[in-house]
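Note sheet for the following structure.
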Amino acid sequence: MDLKSIISITGKPGLHKVISQTKNGLIAESIEDGKRFPVYASEKVSAIEDISIYTTTEDVPLTDVYEKLFKKTEGKAAIDHKSNPEELKKFIKQVVDFDEERVYNSDLKKMIQWFNILVNAGLLKIEVKKEKKTTAKAPIAIGGEKAADKKKVATKTTAKKSTPTKAVPKPSKAKGGAKTVTSAKRGA
C-alpha cells in the first residue's frame, strides 16, 4: 500500500491527497469529492503513514491494520463507521488486538471511516512482493575479447591539448559613462 501523500487535517472531515507544496503550506485535494484547497502551515496535518494504533504489546502502524482489514474484507468496504461501538470493537478485534483503554470509540469510527474512503477511492491495493532470482552469468565475449577487456578499452580517452585563453575584464558599471573594453587577440 502506498499512502505516502494521503493526509488528515484537523478540523476537516475525511482524507486528503497532497497535490503540491507552496511557500506557505500545501495544496490538498479531497479524496471524496476532488475539491482542491490550500492547507496553511498553521493547520495540524497528519500523514496516514505516521499514524499508529495502540495494541496490548506494541504500536501497530495504521497502514498495517488497513492491509489486514483489506485482506479480511476481500477488498470491499468494511462495516459502517456509524455502527454501534460494540460492533466496531468486535470487527477491529478480529484484525488487531488493540488496547481498549487507550483506543477510544471515536478513534475506531475514524479508522473505519478512513478505511472505507480509501477502499471506495481505489487507493488500497495489496502489493505483491516478488523476489527476483538473479543468476550470475559469465561475461560475454565479443569479437574474441572478454567483456571486461572491452570495458577497459572503452574507458581510455585521448587527452587534447588546449590553448590557454586570456581573461577579458568586465566593463565597470560606474556612473559617468561606460568604458569600452577591447578583447585580447587569441594566438593560434
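In the C-alpha cells, each chain is lettered A, B, ... as it comes, each chain's residues begin at 1, and ligands are numbered from 1 in order of appearance.
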Exercise: Glu101 in chain A partners within 10 Å, only C-alpha atoms, chain neighbours under 4 positions left out, as a ChimeraX atom specification = /A:54-56
Can you spit out the residues from that selection as a PDB file, in the first residue's frame, using N, CA and C atoms?
ATOM      1  N   TYR A  54      -2.636   1.831  19.251  1.00  0.00           N
ATOM      2  CA  TYR A  54      -2.125   1.166  20.440  1.00  0.00           C
ATOM      3  C   TYR A  54      -2.640  -0.267  20.484  1.00  0.00           C
ATOM      4  N   THR A  55      -1.740  -1.207  20.737  1.00  0.00           N
ATOM      5  CA  THR A  55      -2.145  -2.595  20.953  1.00  0.00           C
ATOM      6  C   THR A  55      -1.671  -3.008  22.337  1.00  0.00           C
ATOM      7  N   THR A  56      -1.979  -4.225  22.712  1.00  0.00           N
ATOM      8  CA  THR A  56      -1.587  -4.697  24.040  1.00  0.00           C
ATOM      9  C   THR A  56      -0.085  -4.952  24.127  1.00  0.00           C
TER      10      THR A  56
END
Closest to Val119 in chain A among A:Ala77, A:Val95, A:Leu88, A:Leu26, using only C-alpha atoms?
->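 Comparing A:Ala77, A:Val95, A:Leu88, A:Leu26 against Val119 in chain A, the winner is A:Ala77.
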So how many Å separate CA of Lys125 in chain A and CA of Lys76 in chain A, to one decimal?
->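 One can read the CA of Lys125 in chain A to CA of Lys76 in chain A distance as 11.0 Å.
Closest approach to Glu100 in chain A among A:Ile53, A:Val60, A:Asn116, A:His16 is made by A:Ile53 (distances from only C-alpha atoms).
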Quick one: residues within 9 Å of Leu123 in chain A, only C-alpha atoms counted, chain neighbours fewer than 5 positions away excluded, as a list in words?
-> Met1, Asp2, Leu3, Ile117 and Leu118 of chain A
Rank nothing, just name the residue among A:Ile92, A:Leu124, A:Ala47, A:Leu108 nearest to Ile6 in chain A, using only C-alpha atoms.
->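 With only C-alpha atoms as the atom set, the closest residue is A:Ala47.
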Counting only C-alpha atoms, what is within 9 Å of Ile27 in chain A, bar same-chain residues fewer than 3 positions away, as a PDB file with C-alpha atoms, in the first residue's frame?
ATOM      1  CA  LYS A  17      -4.238  13.910  -1.031  1.00  0.00           C
ATOM      2  CA  VAL A  18      -1.277  16.286  -1.225  1.00  0.00           C
ATOM      3  CA  ILE A  19      -1.133  17.771  -4.714  1.00  0.00           C
ATOM      4  CA  SER A  20       1.563  20.400  -4.397  1.00  0.00           C
ATOM      5  CA  GLN A  21       3.651  22.352  -1.946  1.00  0.00           C
ATOM      6  CA  THR A  22       3.521  26.133  -1.725  1.00  0.00           C
ATOM      7  CA  ARG A  36      -8.752  21.410  -4.033  1.00  0.00           C
ATOM      8  CA  PHE A  37      -7.918  23.878  -1.281  1.00  0.00           C
ATOM      9  CA  PRO A  38      -4.881  25.412   0.432  1.00  0.00           C
ATOM     10  CA  VAL A  39      -3.552  23.973   3.695  1.00  0.00           C
ATOM     11  CA  TYR A  40      -1.647  26.554   5.682  1.00  0.00           C
TER      12      TYR A  40
END
Write out as an MDAnalysis selection string the residues lying within 10 Å of Trp114 in chain A, counting only C-alpha atoms and excluding same-chain residues fewer than 3 positions away.
-> chainID A and resid 8 13:15 48 66 81 108:111 117:120
Generate a file of the selected residues that holds C-alpha atoms, formatted as a JSON list (two decimals), in the first residue's frame.
[["chain", "number", "residue", "atom", "x", "y", "z"],
["A", 8, "SER", "CA", -5.66, 14.05, 7.61],
["A", 13, "PRO", "CA", -13.53, 15.71, 7.68],
["A", 14, "GLY", "CA", -12.25, 12.84, 5.59],
["A", 15, "LEU", "CA", -8.88, 12.25, 3.97],
["A", 48, "ILE", "CA", -1.59, 8.37, 7.33],
["A", 66, "TYR", "CA", -5.51, -1.40, 6.79],
["A", 81, "HIS", "CA", -18.43, 3.76, 10.79],
["A", 108, "LEU", "CA", -12.35, 3.34, 15.89],
["A", 109, "LYS", "CA", -15.04, 5.27, 14.00],
["A", 110, "LYS", "CA", -12.45, 7.46, 12.31],
["A", 111, "MET", "CA", -10.28, 4.46, 11.45],
["A", 117, "ILE", "CA", -12.90, 6.20, 1.98],
["A", 118, "LEU", "CA", -9.64, 4.65, 0.77],
["A", 119, "VAL", "CA", -11.36, 1.49, -0.49],
["A", 120, "ASN", "CA", -14.07, 3.44, -2.33]]
Identify, with DSSP run on backbone atoms, the residues in range 58-132 of chain A assigned to helix (DSSP H, G or I), and express the list as a PyMOL selection string.
-> chain A and resi 62-73+85-93+105-121
